>>> print(open('my_file.txt').read())   # compact mmCIF, C-alpha atoms
# COMPACT_ATOMS: atom_id res chain seq x y z
CA MET A 1 44.22 176.32 98.75
CA LYS A 2 47.02 174.04 97.69
CA PHE A 3 48.72 174.25 101.05
CA LYS A 4 45.53 173.40 102.79
CA LEU A 5 45.08 170.33 100.65
CA ILE A 6 48.63 169.25 101.23
CA THR A 7 48.23 169.67 104.96
CA ARG A 8 45.15 167.52 104.88
CA VAL A 9 46.90 164.94 102.79
CA PHE A 10 49.67 164.69 105.31
CA ILE A 11 47.39 164.51 108.31
CA SER A 12 45.37 161.74 106.71
CA LEU A 13 48.55 160.10 105.61
CA ALA A 14 50.01 160.12 109.08
CA LEU A 15 46.89 158.50 110.43
CA ALA A 16 46.39 156.00 107.65
CA LEU A 17 50.00 155.05 107.18
CA GLY A 18 50.65 154.78 110.85
CA PHE A 19 47.86 152.30 111.06
CA LEU A 20 48.28 150.36 107.85
CA PHE A 21 52.01 150.23 107.53
CA SER A 22 53.06 149.96 111.13
CA THR A 23 54.74 146.65 110.31
CA THR A 24 56.95 148.01 107.53
CA HIS A 25 58.87 150.30 109.85
CA ALA A 26 60.97 153.01 108.30
CA GLN A 27 64.60 152.06 107.81
CA ALA A 28 65.83 155.53 107.18
CA GLU A 29 69.44 154.87 106.25
CA LEU A 30 68.98 151.54 104.51
CA VAL A 31 68.66 151.25 100.74
CA SER A 32 65.56 149.11 100.16
CA THR A 33 65.59 146.24 97.71
CA PRO A 34 63.23 147.90 95.21
CA GLN A 35 65.58 150.89 95.32
CA VAL A 36 68.50 148.58 94.63
CA VAL A 37 66.78 147.30 91.51
CA ALA A 38 66.48 150.90 90.35
CA GLN A 39 63.21 152.38 91.39
CA PRO A 40 62.87 156.13 91.72
CA ALA A 41 62.21 157.57 95.14
CA SER A 42 58.84 159.31 95.11
CA VAL A 43 56.98 156.25 96.35
CA VAL A 44 56.22 157.75 99.72
CA GLN A 45 54.35 160.61 98.13
CA ASP A 46 52.41 158.24 95.92
CA ARG A 47 51.32 156.13 98.86
CA ALA A 48 50.47 159.31 100.68
CA LEU A 49 48.21 160.32 97.84
CA ILE A 50 46.44 156.98 97.80
CA GLN A 51 46.10 156.73 101.54
CA ALA A 52 44.86 160.26 101.88
CA PHE A 53 42.30 159.47 99.27
CA VAL A 54 41.14 156.35 101.07
CA ALA A 55 40.94 158.21 104.33
CA ARG A 56 38.52 160.80 103.00
CA GLN A 57 34.99 160.37 104.20
CA ASP A 58 33.30 161.09 100.89
CA VAL A 59 35.56 158.57 99.18
CA GLN A 60 34.78 155.91 101.72
CA LYS A 61 31.10 156.52 101.26
CA GLN A 62 31.42 156.08 97.51
CA LEU A 63 33.49 152.98 97.88
CA GLU A 64 30.84 151.45 100.06
CA SER A 65 28.18 152.31 97.52
CA LEU A 66 30.29 150.47 94.97
CA GLY A 67 30.28 147.38 97.12
CA LEU A 68 33.70 147.74 98.70
CA SER A 69 33.81 147.85 102.45
CA HIS A 70 36.48 149.78 104.26
CA VAL A 71 38.08 146.56 105.42
CA ILE A 72 38.37 145.18 101.90
CA THR A 73 39.79 148.46 100.64
CA ALA A 74 42.40 148.69 103.35
CA GLU A 75 43.47 145.14 102.72
CA ARG A 76 43.84 145.73 99.00
CA VAL A 77 45.93 148.83 99.54
CA ALA A 78 48.22 146.98 101.89
CA LEU A 79 48.84 144.31 99.26
CA LEU A 80 50.06 146.78 96.64
CA SER A 81 53.76 147.06 96.06
CA ASP A 82 55.50 150.40 95.71
CA SER A 83 55.50 150.47 91.94
CA GLU A 84 51.87 149.40 91.78
CA ALA A 85 51.00 152.16 94.21
CA ARG A 86 52.91 154.51 91.95
CA GLU A 87 50.92 153.32 88.96
CA LEU A 88 47.67 153.97 90.80
CA ALA A 89 48.79 157.37 91.97
CA ARG A 90 49.77 158.24 88.43
CA LYS A 91 46.32 157.24 87.19
CA ILE A 92 44.73 159.40 89.84
CA ARG A 93 46.78 162.39 88.84
CA GLU A 94 46.05 161.88 85.18
CA MET A 95 42.38 161.38 85.69
CA PRO A 96 40.95 164.90 85.56
CA ALA A 97 42.52 165.30 82.13
CA GLY A 98 40.56 162.40 80.73
CA GLY A 99 43.57 160.37 79.84
CA ASN A 100 43.80 157.22 77.82
CA LEU A 101 40.23 156.05 77.66
CA SER A 102 40.03 156.09 73.91
CA ASN A 103 39.27 152.42 73.36
CA LEU A 104 36.32 152.31 75.72
CA SER A 105 32.63 152.93 75.13
CA SER A 106 30.97 155.98 76.64
CA SER A 107 29.15 154.09 79.37
CA ASP A 108 32.45 152.50 80.28
CA ILE A 109 33.96 155.94 80.52
CA ILE A 110 31.35 157.08 82.98
CA ILE A 111 31.97 154.12 85.22
CA ILE A 112 35.68 154.43 84.83
CA LEU A 113 35.77 158.12 85.59
CA LEU A 114 33.98 157.32 88.78
CA VAL A 115 36.34 154.49 89.37
CA LEU A 116 39.47 156.40 88.57
CA ILE A 117 38.53 159.36 90.65
CA VAL A 118 37.30 157.35 93.55
CA LEU A 119 38.06 153.74 93.27
CA ILE A 120 41.16 152.74 91.43
CA LEU A 121 43.47 154.83 93.49
CA VAL A 122 41.79 153.50 96.50
CA LEU A 123 41.75 149.83 95.74
CA MET B 1 52.54 150.39 78.55
CA ALA B 2 48.93 151.39 79.06
CA ALA B 3 47.79 147.90 79.85
CA ALA B 4 44.10 147.43 80.30
CA PHE B 5 43.31 148.31 83.80
CA LEU B 6 40.21 146.38 84.52
CA ALA B 7 38.47 143.42 83.13
CA GLY B 8 34.97 142.17 83.01
CA CYS B 9 34.15 138.86 81.45
CA ALA B 10 32.73 137.87 78.17
CA HIS B 11 32.10 134.84 76.07
CA GLN B 12 35.05 133.70 74.10
CA PRO B 13 34.47 133.73 70.36
CA VAL B 14 35.63 130.39 69.04
CA ASP B 15 37.92 131.20 66.17
CA SER B 16 38.91 128.84 63.42
CA PRO B 17 42.63 128.12 63.38
CA SER B 18 44.74 129.94 60.84
CA PRO B 19 48.34 128.78 60.80
CA SER B 20 51.11 131.33 60.90
CA LEU B 21 54.88 131.31 61.00
CA THR B 22 56.16 131.91 64.50
CA GLU B 23 59.95 131.97 64.80
CA PRO B 24 60.31 128.23 64.19
CA ASP B 25 63.87 127.87 65.56
CA LYS B 26 63.00 129.24 68.99
CA PHE B 27 59.88 127.16 69.27
CA ALA B 28 61.78 124.04 68.22
CA SER B 29 63.24 123.79 71.71
CA LEU B 30 59.76 123.27 73.16
CA PRO B 31 57.95 119.95 73.39
CA GLU B 32 55.69 119.51 70.36
CA THR B 33 52.67 119.49 72.59
CA SER B 34 51.92 119.96 76.25
CA GLU B 35 48.78 120.04 78.32
CA LEU B 36 48.27 120.44 82.05
CA THR B 37 45.22 118.21 82.22
CA ARG B 38 45.05 118.36 85.99
CA VAL B 39 44.37 122.08 86.17
CA PRO B 40 40.90 122.11 87.74
CA PHE B 41 38.02 123.78 85.95
CA PHE B 42 35.79 126.30 87.68
CA PRO B 43 33.18 127.52 85.21
CA GLN B 44 32.79 131.22 85.68
CA GLU B 45 29.61 132.68 87.07
CA THR B 46 28.45 136.05 85.76
CA ASP B 47 31.38 138.47 85.51
CA GLN B 48 33.50 136.19 87.68
CA CYS B 49 36.25 135.24 85.25
CA GLY B 50 38.86 136.90 87.48
CA PRO B 51 38.10 134.84 90.59
CA ALA B 52 37.58 131.70 88.46
CA ALA B 53 40.87 132.03 86.57
CA LEU B 54 42.77 132.78 89.74
CA ALA B 55 41.22 129.88 91.63
CA MET B 56 42.17 127.42 88.89
CA VAL B 57 45.79 128.55 88.90
CA LEU B 58 46.20 128.78 92.67
CA THR B 59 44.58 125.40 93.24
CA TYR B 60 46.81 123.76 90.66
CA GLU B 61 49.91 125.35 92.21
CA GLY B 62 49.00 123.86 95.57
CA MET B 63 46.91 126.54 97.30
CA PRO B 64 43.32 125.27 96.99
CA GLU B 65 40.92 128.16 96.53
CA LEU B 66 37.37 128.40 95.28
CA PRO B 67 36.31 131.31 93.07
CA SER B 68 33.77 132.31 95.73
CA GLN B 69 36.57 132.60 98.31
CA LEU B 70 38.52 134.92 96.03
CA THR B 71 35.63 137.12 94.96
CA PRO B 72 35.81 139.58 97.88
CA GLN B 73 39.53 140.04 97.25
CA VAL B 74 39.52 140.51 93.52
CA TYR B 75 36.02 141.34 92.31
CA THR B 76 34.82 144.92 92.18
CA PRO B 77 31.02 144.91 91.90
CA ALA B 78 30.57 148.27 90.17
CA LEU B 79 33.12 147.34 87.54
CA LYS B 80 31.58 143.94 86.97
CA GLY B 81 35.10 142.70 86.85
CA SER B 82 38.45 142.30 88.50
CA LEU B 83 41.37 144.69 88.47
CA GLU B 84 44.71 143.27 87.48
CA LEU B 85 46.44 144.62 90.55
CA ASP B 86 43.93 142.87 92.77
CA LEU B 87 44.78 139.55 91.14
CA ILE B 88 48.42 140.25 91.89
CA GLY B 89 47.62 141.07 95.52
CA ALA B 90 45.53 137.92 95.92
CA ILE B 91 48.40 135.75 94.68
CA ARG B 92 50.64 137.29 97.32
CA LYS B 93 48.01 136.69 99.94
CA ALA B 94 47.92 133.02 98.93
CA GLY B 95 51.66 132.81 99.62
CA MET B 96 52.86 132.73 96.01
CA ILE B 97 54.94 135.06 93.88
CA PRO B 98 52.94 136.96 91.26
CA TYR B 99 55.07 136.70 88.14
CA ARG B 100 54.48 138.69 84.95
CA PRO B 101 56.23 136.86 82.10
CA PRO B 102 57.63 138.59 79.00
CA GLY B 103 54.78 139.48 76.65
CA HIS B 104 55.31 136.96 73.90
CA LEU B 105 53.79 133.61 73.11
CA TYR B 106 57.04 131.70 73.45
CA ALA B 107 57.30 132.65 77.13
CA LEU B 108 53.76 131.43 77.76
CA LEU B 109 54.43 128.09 76.10
CA GLN B 110 57.67 127.71 78.06
CA GLU B 111 55.74 128.14 81.28
CA VAL B 112 53.04 125.64 80.32
CA ALA B 113 55.69 123.12 79.24
CA SER B 114 57.39 123.50 82.60
CA GLY B 115 54.15 122.88 84.44
CA HIS B 116 52.67 126.29 85.20
CA PRO B 117 49.26 127.43 83.91
CA VAL B 118 49.04 131.11 82.93
CA VAL B 119 46.29 133.68 83.59
CA LEU B 120 45.75 135.74 80.44
CA LEU B 121 43.98 139.00 79.79
CA GLN B 122 42.15 139.02 76.48
CA ASP B 123 39.96 141.44 74.64
CA VAL B 124 37.21 139.22 73.31
CA GLY B 125 34.75 141.92 72.20
CA ASP B 126 33.42 141.94 68.65
CA TRP B 127 32.68 145.65 68.30
CA SER B 128 33.92 147.20 71.49
CA THR B 129 36.48 146.20 74.05
CA GLN B 130 35.43 143.29 76.25
CA TRP B 131 37.99 142.23 78.78
CA HIS B 132 38.22 138.64 79.82
CA TYR B 133 40.53 136.49 81.93
CA ALA B 134 41.25 132.93 80.80
CA VAL B 135 43.79 130.29 81.81
CA LEU B 136 46.29 128.80 79.38
CA VAL B 137 46.75 125.09 80.11
CA GLY B 138 48.15 123.61 76.91
CA TYR B 139 49.30 124.02 73.32
CA HIS B 140 49.96 122.11 70.14
CA LEU B 141 52.85 123.51 68.10
CA ARG B 142 52.15 121.83 64.79
CA HIS B 143 48.47 122.74 64.88
CA GLN B 144 49.38 126.22 66.15
CA GLU B 145 46.72 125.94 68.80
CA LEU B 146 46.32 126.87 72.43
CA ILE B 147 44.13 125.15 74.99
CA LEU B 148 42.36 127.43 77.45
CA ARG B 149 40.01 127.11 80.38
CA SER B 150 37.77 130.04 79.63
CA GLY B 151 34.35 131.09 80.85
CA SER B 152 32.11 128.07 80.53
CA HIS B 153 34.59 126.17 78.35
CA GLN B 154 36.73 123.61 80.07
CA HIS B 155 38.73 122.86 76.93
CA LEU B 156 38.68 125.77 74.52
CA VAL B 157 40.97 125.41 71.50
CA ILE B 158 42.05 128.67 69.87
CA SER B 159 44.58 129.38 67.11
CA PHE B 160 47.84 131.19 67.83
CA ASP B 161 46.72 134.00 65.50
CA ALA B 162 43.30 134.48 67.05
CA PHE B 163 44.85 134.45 70.47
CA GLU B 164 47.48 137.03 69.52
CA ARG B 165 44.77 139.37 68.26
CA SER B 166 42.86 139.09 71.52
CA TRP B 167 45.98 139.35 73.67
CA LYS B 168 47.70 142.39 72.19
CA THR B 169 44.99 144.94 73.04
CA GLY B 170 45.63 144.54 76.75
CA GLY B 171 49.37 144.90 76.28
CA HIS B 172 50.22 141.18 76.22
CA TRP B 173 49.28 140.86 79.87
CA ALA B 174 49.84 137.50 81.53
CA LEU B 175 50.27 136.43 85.13
CA LEU B 176 51.45 133.33 86.95
CA ALA B 177 51.31 132.24 90.56
CA ILE B 178 54.76 130.85 91.23
CA PRO B 179 55.58 128.90 94.40
CA PRO B 180 58.36 130.87 96.13
CA GLU B 181 60.92 128.05 95.88
CA VAL B 182 60.50 127.85 92.09
CA ILE B 183 62.26 130.03 89.50
CA PRO B 184 60.15 130.46 86.34
CA VAL B 185 61.79 129.15 83.17
CA SER B 186 60.78 132.12 81.02
CA THR B 187 62.52 134.73 83.13
CA ASP B 188 66.02 136.04 83.77
CA GLU B 189 67.68 137.85 86.63
CA GLU B 190 66.92 141.38 85.38
CA ASN B 191 63.28 140.53 84.82
CA TYR B 192 62.53 138.46 87.91
CA LEU B 193 64.36 140.11 90.80
CA PRO B 194 62.51 143.42 90.54
CA GLN B 195 59.26 141.46 90.70
CA LEU B 196 60.47 139.65 93.80
CA ALA B 197 61.56 142.91 95.38
CA GLU B 198 57.99 144.14 95.14
CA THR B 199 56.72 141.14 97.01
CA GLU B 200 59.32 141.60 99.76
CA GLN B 201 57.48 144.54 101.22
CA VAL B 202 54.12 142.79 101.35
CA ARG B 203 55.13 139.21 102.13
CA PRO B 204 58.65 139.11 103.62
CA ASP B 205 58.22 135.44 104.50
CA ILE B 206 57.74 134.20 100.95
CA ALA B 207 60.17 136.76 99.54
CA ARG B 208 62.91 135.25 101.69
CA THR B 209 62.30 131.77 100.26
CA ALA B 210 62.21 133.21 96.74
CA TYR B 211 65.46 135.19 97.15
CA LEU B 212 67.23 132.06 98.41
CA ALA B 213 65.87 130.14 95.40
CA ALA B 214 67.09 132.90 93.08
CA LEU B 215 70.64 132.42 94.34
CA ASN B 216 70.70 128.97 92.70
CA PRO B 217 70.60 130.15 89.09
CA TRP B 218 72.09 133.58 89.96
CA PRO B 219 74.51 133.12 92.90
CA HIS B 220 75.83 136.68 92.54
CA SER B 221 72.47 138.41 92.27
CA LEU B 222 72.84 141.79 93.95
CA ALA B 223 69.10 142.14 94.44
CA ALA B 224 68.74 138.72 96.08
CA GLN B 225 71.68 139.32 98.43
CA MET B 226 70.48 142.80 99.31
CA GLY B 227 66.94 141.53 99.75
CA LEU B 228 68.05 138.82 102.16
CA GLY B 229 70.15 141.37 104.04
CA ASN B 230 67.26 143.81 104.22
CA LEU B 231 64.91 141.09 105.46
CA ALA B 232 67.38 140.05 108.16
CA PHE B 233 67.84 143.69 109.12
CA ALA B 234 64.08 144.19 109.38
CA ASN B 235 64.03 141.22 111.76
CA HIS B 236 66.80 142.87 113.83
CA ASP B 237 69.02 139.93 112.90
CA TYR B 238 72.01 142.21 112.34
CA ASN B 239 74.61 139.45 112.31
CA ASN B 240 72.98 137.74 109.35
CA ALA B 241 72.25 141.06 107.68
CA ALA B 242 75.96 141.92 107.90
CA LEU B 243 76.87 138.59 106.31
CA TRP B 244 74.55 139.19 103.35
CA PHE B 245 75.69 142.78 102.83
CA GLU B 246 79.34 141.73 103.08
CA ARG B 247 78.72 139.12 100.44
CA ALA B 248 76.91 141.69 98.25
CA ALA B 249 79.78 144.15 98.62
CA ALA B 250 82.36 141.47 97.84
CA ASP B 251 80.47 140.36 94.71
CA HIS B 252 79.62 143.92 93.67
CA PRO B 253 82.38 146.26 94.78
CA GLU B 254 80.83 148.88 92.49
CA SER B 255 77.62 148.99 94.55
CA GLY B 256 77.43 151.87 96.98
CA ASP B 257 74.11 150.46 98.17
CA ALA B 258 75.76 147.28 99.44
CA TYR B 259 78.40 149.27 101.38
CA ASN B 260 75.80 151.65 102.75
CA ASN B 261 73.58 148.88 104.08
CA LEU B 262 76.62 147.09 105.46
CA ALA B 263 77.62 150.30 107.24
CA GLU B 264 74.14 150.78 108.66
CA THR B 265 74.16 147.21 109.96
CA LEU B 266 77.62 147.59 111.47
CA ILE B 267 76.43 150.74 113.24
CA LYS B 268 73.67 148.64 114.79
CA LEU B 269 76.32 146.12 115.82
CA GLN B 270 78.41 149.00 117.20
CA GLN B 271 81.36 147.95 115.08
CA TRP B 272 82.39 151.55 114.57
CA GLU B 273 85.60 151.25 112.64
CA PRO B 274 84.39 148.74 110.01
CA ALA B 275 81.22 150.83 109.71
CA ARG B 276 83.29 153.94 109.00
CA VAL B 277 85.28 152.12 106.32
CA ALA B 278 82.10 150.84 104.67
CA ILE B 279 80.30 154.18 104.62
CA ASN B 280 83.35 155.89 103.17
CA LYS B 281 83.38 153.30 100.41
CA ALA B 282 79.73 154.07 99.67
CA LEU B 283 80.35 157.82 99.67
CA GLY B 284 83.33 157.35 97.40
CA LEU B 285 81.23 155.38 94.93
CA GLY B 286 78.35 157.87 95.06
CA GLY B 287 75.40 157.46 92.74
CA GLU B 288 71.66 157.89 92.82
CA HIS B 289 71.31 157.01 96.50
CA GLU B 290 74.09 159.20 97.79
CA PRO B 291 71.70 161.21 100.01
CA ILE B 292 71.03 157.97 101.90
CA TYR B 293 74.77 157.36 102.27
CA GLN B 294 75.13 160.89 103.59
CA SER B 295 72.59 160.33 106.31
CA THR B 296 74.21 157.02 107.25
CA TRP B 297 77.44 158.95 107.61
CA LYS B 298 75.67 161.54 109.75
CA GLU B 299 74.23 158.77 111.88
CA TRP B 300 77.69 157.28 112.34
CA LYS B 301 79.05 160.64 113.44
CA ASN B 302 76.19 161.15 115.88
CA GLU B 303 76.35 157.73 117.45
CA HIS B 304 80.05 156.99 117.35
CA PRO B 305 81.11 157.27 121.01
CA GLY B 306 84.58 158.69 120.30
CA GLU B 307 83.38 161.48 117.99
CA LYS B 308 83.00 165.03 119.20
>>> encode(input="my_file.txt", output="structure tokens")
Amino acid sequence: MKFKLITRVFISLALALGFLFSTTHAQAELVSTPQVVAQPASVVQDRALIQAFVARQDVQKQLESLGLSHVITAERVALLSDSEARELARKIREMPAGGNLSNLSSSDIIIILLVLIVLILVL
Amino acid sequence: MAAAFLAGCAHQPVDSPSPSLTEPDKFASLPETSELTRVPFFPQETDQCGPAALAMVLTYEGMPELPSQLTPQVYTPALKGSLELDLIGAIRKAGMIPYRPPGHLYALLQEVASGHPVVLLQDVGDWSTQWHYAVLVGYHLRHQELILRSGSHQHLVISFDAFERSWKTGGHWALLAIPPEVIPVSTDEENYLPQLAETEQVRPDIARTAYLAALNPWPHSLAAQMGLGNLAFANHDYNNAALWFERAAADHPESGDAYNNLAETLIKLQQWEPARVAINKALGLGGEHEPIYQSTWKEWKNEHPGEK
């Protein structure tokens, strides 16, 4: 089950990343500037998570129903920096647990659950 | 840490001023009063405080935008609001550096006094949380008052205390759009360079200008030198990349990263012996990025013509 999901994540990632990030070509042996200013290294996985999420058909459908076209979504993702992508990925991972929604009203929580599961990671 | 993640818009409660003591010595260095009267005012339409606030700031900083032009970039219909990260992305798109100042009032006043309006995230709800973006355009120290463009108010005066109450819920979140050739007055090297590094990936063109600007106050900044080297490298301008990495290594002989990137560049330039020296320096220094140094070394061994 897990392996299957991971495989799918990577396939979607390969497609989505290849398309979206073709300009930021991999510089395998270079230390990037965010790395120089002390950022941990799991960014690739975080972007993979977000991109895989965006690439899913059901997610795209929900995004469109929320008023966000695929074009807008892709553009927003491309404008996120590594650490922002990490923040989003973290929120996605935390989401099923409920997380820090304590200061929000219940109708907010419904919207936000939707958003966190579908949207926020994807924006 | 858990800053508010989204924001709708709400009407600003007009609070009566209640003076407080706010580290008088620090504030004494600021002008008594300051107001950026030429910040345009775009009254917000329903839920559109994000696009409105952003348009005011971008227009004032020299990138004319209307709220309606920004709406598709920053407004999320189902949320009836704008996400903070989308505001940050839109500033990059407009060719400016999104800068998050330190979360205290003094930093905000410093920025206003130096000519930069500030987008603020406030919780203006009475009973429940109501997120709202406003723009700080002025202050009056003796009256302990701030001047905001907020919602339908072009000139909203609010006390320091009332503002602090509304500002703390969202984690003291503030955002500026800084022209890339400008260094904000409220920042320092440790605070600003990581923010620039994040823009490098998305907008290498403006990041380059900003790194060069950062070398004025901080001529030895490792991040700026490495950033300029990495940008040159990404452009296949290996000669310039080598110059920046050499400078970084000379200024920071403790940085394995500088030697590693220098080595990688010298490999591209097929300067095998200097590349070998540099990568051995990096390996000798070690550190968090040693796996990268190792693969640079492997690359050298694979590509070096004389190696078996």
>>> closest_atom_pairs(input="my_file.txt", of="chain A", to="chain B", cutoff="7 Å", atoms="only C-alpha atoms", output="JSON lines")
{"residue": "A:Glu29", "atom": "CA", "partner": "B:Thr296", "partner_atom": "CA", "distance": 5.3}
{"residue": "A:Leu30", "atom": "CA", "partner": "B:Asn261", "partner_atom": "CA", "distance": 5.3}
{"residue": "A:Val31", "atom": "CA", "partner": "B:Asp257", "partner_atom": "CA", "distance": 6.1}
{"residue": "A:Ser32", "atom": "CA", "partner": "B:Asn230", "partner_atom": "CA", "distance": 6.9}
{"residue": "A:Thr33", "atom": "CA", "partner": "B:Gly227", "partner_atom": "CA", "distance": 5.3}
{"residue": "A:Pro34", "atom": "CA", "partner": "B:Ala197", "partner_atom": "CA", "distance": 5.3}
{"residue": "A:Val36", "atom": "CA", "partner": "B:Ala223", "partner_atom": "CA", "distance": 6.5}
{"residue": "A:Val37", "atom": "CA", "partner": "B:Pro194", "partner_atom": "CA", "distance": 5.9}
{"residue": "A:Leu66", "atom": "CA", "partner": "B:Ala78", "partner_atom": "CA", "distance": 5.3}
{"residue": "A:Gly67", "atom": "CA", "partner": "B:Pro77", "partner_atom": "CA", "distance": 5.8}
{"residue": "A:Arg76", "atom": "CA", "partner": "B:Asp86", "partner_atom": "CA", "distance": 6.9}
{"residue": "A:Leu79", "atom": "CA", "partner": "B:Gly89", "partner_atom": "CA", "distance": 5.1}
{"residue": "A:Leu80", "atom": "CA", "partner": "B:Gly89", "partner_atom": "CA", "distance": 6.3}
{"residue": "A:Ser81", "atom": "CA", "partner": "B:Glu198", "partner_atom": "CA", "distance": 5.2}
{"residue": "A:Asp82", "atom": "CA", "partner": "B:Glu198", "partner_atom": "CA", "distance": 6.8}
{"residue": "A:Asn103", "atom": "CA", "partner": "B:Thr129", "partner_atom": "CA", "distance": 6.9}
{"residue": "A:Leu104", "atom": "CA", "partner": "B:Thr129", "partner_atom": "CA", "distance": 6.3}
{"residue": "A:Ser105", "atom": "CA", "partner": "B:Ser128", "partner_atom": "CA", "distance": 6.9}
>>> write_last_selection(input="my_file.txt", atoms="C-alpha atoms", output="CSV table (one decimal), in the coordinates of the input")
chain,number,residue,atom,x,y,z
A,29,GLU,CA,69.4,154.9,106.2
A,30,LEU,CA,69.0,151.5,104.5
A,31,VAL,CA,68.7,151.2,100.7
A,32,SER,CA,65.6,149.1,100.2
A,33,THR,CA,65.6,146.2,97.7
A,34,PRO,CA,63.2,147.9,95.2
A,36,VAL,CA,68.5,148.6,94.6
A,37,VAL,CA,66.8,147.3,91.5
A,66,LEU,CA,30.3,150.5,95.0
A,67,GLY,CA,30.3,147.4,97.1
A,76,ARG,CA,43.8,145.7,99.0
A,79,LEU,CA,48.8,144.3,99.3
A,80,LEU,CA,50.1,146.8,96.6
A,81,SER,CA,53.8,147.1,96.1
A,82,ASP,CA,55.5,150.4,95.7
A,103,ASN,CA,39.3,152.4,73.4
A,104,LEU,CA,36.3,152.3,75.7
A,105,SER,CA,32.6,152.9,75.1
>>> closest_residue(input="my_file.txt", among="B:Tyr192, B:Phe163, B:Phe41, B:Tyr238", to="B:Ala210", atoms="all atoms listed in the file")
B:Tyr192
>>> atom_distance(input="my_file.txt", atom1="atom CA of B:Gln110", atom2="atom CA of B:Ile183")
12.5 Å
>>> atom_distance(input="my_file.txt", atom1="atom CA of B:Glu246", atom2="atom CA of B:Pro98")
29.3 Å
>>> closest_residue(input="my_file.txt", among="B:Phe245, B:Asn239, B:Leu146, B:Leu58", to="B:Ser221", atoms="only C-alpha atoms")
B:Phe245
>>> atom_distance(input="my_file.txt", atom1="atom CA of B:Leu175", atom2="atom CA of A:Ala48")
27.7 Å
>>> residues_around(input="my_file.txt", residues="B:Ser29", least_positions_apart="2", cutoff="12 Å", atoms="all atoms listed in the file", output="ChimeraX atom specification")
/B:23-27,31-33,106-107,109-110,113,141
>>> residues_around(input="my_file.txt", residues="B:Tyr60", least_positions_apart="5", cutoff="8 Å", atoms="only C-alpha atoms", output="PDB file with C-alpha atoms, in the frame of the given file")
ATOM      1  CA  ARG B  38      45.050 118.360  85.990  1.00  0.00           C
ATOM      2  CA  VAL B  39      44.370 122.080  86.170  1.00  0.00           C
ATOM      3  CA  PRO B  40      40.900 122.110  87.740  1.00  0.00           C
TER       4      PRO B  40
END
>>> residues_near_point(input="my_file.txt", point="(50.9, 123.5, 84.5)", cutoff="7 Å", atoms="all atoms listed in the file", output="PDB file with C-alpha atoms, keeping the file's coordinate frame")
ATOM      1  CA  LEU B  36      48.270 120.440  82.050  1.00  0.00           C
ATOM      2  CA  VAL B  39      44.370 122.080  86.170  1.00  0.00           C
ATOM      3  CA  VAL B 112      53.040 125.640  80.320  1.00  0.00           C
ATOM      4  CA  SER B 114      57.390 123.500  82.600  1.00  0.00           C
ATOM      5  CA  GLY B 115      54.150 122.880  84.440  1.00  0.00           C
ATOM      6  CA  HIS B 116      52.670 126.290  85.200  1.00  0.00           C
ATOM      7  CA  PRO B 117      49.260 127.430  83.910  1.00  0.00           C
ATOM      8  CA  VAL B 137      46.750 125.090  80.110  1.00  0.00           C
TER       9      VAL B 137
END
